[in-house]
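Asker: Take this structure, written in C-alpha cells, and hold onto it; I'll ask about it next.
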Amino acid sequence: MVMHWIGDGDNATLTLTIVGAKGSKVMSLSGGTASPSTFKMTRPMPTQIQSASGATFLSTKQLTTRSSKPVRTIRQSERHTLPMYVRKGNDESSAWDSTVDYSGELPNTVGVTSDGNRVRMWRGAVPDASTAESRKADLLAFVDLDWSRPKNADGSESMSGVHVYRVLWAPTADEWSNDDRCLFMALLTDLFWSNGDMSLHFGGIVWDTNLHPVTPLHTAPSKRVFAA
C-alpha cells in the first residue's frame with residue numbers, strides 16, 4: 001500500500017494505492033479534508049475509490065438527524081444513492097455492514113481495528129483479547145504499521161510525504177472479483193483515510209488501542225505482499 005499525503009487540516013489531500021506483488025494495481029483512492037466550524041471536527045470530502053477493473057465507488061461522511069455522530073457510507077458511483085456498506089464504530093475500530101443493495105463476495109459485516117502494531121480486518125465483529133485466538137480463521141487481512149513521520153531539514157515533522165506499507169490478505173480473497181477485492185481493500189484501509197486529517201498516520205497519529213495481541217493469519221497468508 002502506497003500512501004501519499006500533502007498538508008493538514010482544511011487543505012489536506014490524500015492518495016492511497018494498493019499494488020500487487022507483480023505491480024498490478026488493485027485499488028486507488030483519492031480524497032481530502034474539510035473542517036466546517038459547525039461540525040467542530042475534521043471530516044473527509046467525498047472520497048473516490050477506483051477498482052482495477054475501472055469501477056468507481058464513493059465514500060461520504062455526514063451527520064444524521066438522529067445522532068450527532070457522523071455516518072460513513074460507501075456507494076457505487078454517482079448513479080446509486082443507497083449505500084453498499086455503512087460504517088459503525090469510532091476512530092480506532094469500526095464495523096462495516098452491507099445493505100440489501102450489495103450482494104458480492106464480501107461478508108455482510110467486517111470489523112477493522114488497530115492495536116498500534118497492525119490494522120486487522122475480521123469477518124464479523126472485531127474480537128476482544130480473550131476471543132482473538134479462537135477467531136484466527138476470521139482474520140481476512142492486515143496492514144503492518146511500521147511508520148514514522150518524515151522530518152524536514154530543520155528537524156520538524158513534514159506535513160507531506162509518501163510511505164509504503166506491507167499488506168497481506170487471506171487466500172480466499174484471491175478468488176473474488178476485482179470490484180469485490182477493491183471494496184475489501186477500501187474497508188481494510190478505512191482507518192487510514194476516513195477520518196480526514198485525523199486519519200491513522202495521515203496527521204502523524206498512531207493509536208494504540210490494545211484491543212488484542214498481534215497474531216499471525218490462521219491459514220497460510222497469501223503471497224500477495226505489497227510494495228511500491
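Residue numbering restarts at 1 for every chain of the C-alpha cells, chains are lettered A, B, ... in their displayed order, and ligands are numbered from 1 as they appear.
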Need the shell around Val2 (chain A): protein/DNA/RNA residues with any atom at most 7 Å away, counting only C-alpha atoms. Skip same-chain ones fewer than 6 positions apart. Format as a PyMOL selection string?

Answerer: chain A and resi 16-18+163-165+228

Asker: Grab the residues selected above and save them as a PDB file, in the first residue's frame with C-alpha atoms.

Answerer:
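Everything below was put into selection-v8.pdb:
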```pdb
ATOM      1  CA  LEU A  16      -3.717   5.746  -1.450  1.00  0.00           C
ATOM      2  CA  THR A  17      -2.905   2.879  -3.819  1.00  0.00           C
ATOM      3  CA  ILE A  18      -2.842  -0.889  -3.331  1.00  0.00           C
ATOM      4  CA  HIS A 163       5.046   5.860   2.745  1.00  0.00           C
ATOM      5  CA  VAL A 164       4.801   2.190   1.719  1.00  0.00           C
ATOM      6  CA  TYR A 165       3.048  -0.355   3.958  1.00  0.00           C
ATOM      7  CA  ALA A 228       5.993   0.171  -4.163  1.00  0.00           C
TER       8      ALA A 228
END
```

Asker: Please return, as a ChimeraX atom specification, all residues of region 43-172 of chain A that DSSP assigns to strand (DSSP E) on the basis of the backbone.

Answerer: /A:43-44,47-51,56-63,70-76,85-89,93-98,109-114,118-123,139-144,160-164,167-169

Asker: Taking 3 positions as the minimum chain separation for residues in the same chain, which residues sit within 12 Å of Gly89 (chain A) when counting only C-alpha atoms? Answer as a ChimeraX atom specification.

Answerer: /A:69-72,86,92-97,110-113,125-126,190-191,194-195

Asker: Using only C-alpha atoms, pick whichever of A:Thr73, A:Thr131, A:Ser177, A:Ser160 has the shortest atom-to-atom distance to Ala12 (chain A).

Answerer: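 Of all the options, A:Ser160 lies closest to Ala12 (chain A).
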
Asker: Ranking A:Ala153, A:Val19, A:Leu29, A:Leu168 by minimum distance to His4 (chain A) and counting only C-alpha atoms, which one comes first?

Answerer: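 Checking each of A:Ala153, A:Val19, A:Leu29, A:Leu168 against His4 (chain A), counting only C-alpha atoms, the winner is A:Leu29.
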
Asker: Identify, on the basis of only C-alpha atoms, every residue whose closest approach to Gly104 (chain A) does not exceed 10 Å; exclude the query and any residue fewer than 2 positions from it along the same chain; express the result as a PyMOL selection string.

Answerer: chain A and resi 84+98+101-102+106-108+176-177+179-181+183

Asker: I'd like the interatomic distance between CA of Ala132 (chain A) and CA of Arg120 (chain A), to a tenth of an Å.

Answerer: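 Going from CA of Ala132 (chain A) over to CA of Arg120 (chain A) covers 11.2 Å.
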
Asker: Can you pull out the residues contacting Lys25 (chain A)? Cut-off 10 Å, using only C-alpha atoms, and skip same-chain residues under 3 positions away; I want them as a VMD selection string.

Answerer: chain A and resid 1 17 to 22 28 50 to 53 182

Asker: Do you have the CA of Ile49 (chain A)-CA of Ala186 (chain A) distance handy?

Answerer: 7.4 Å
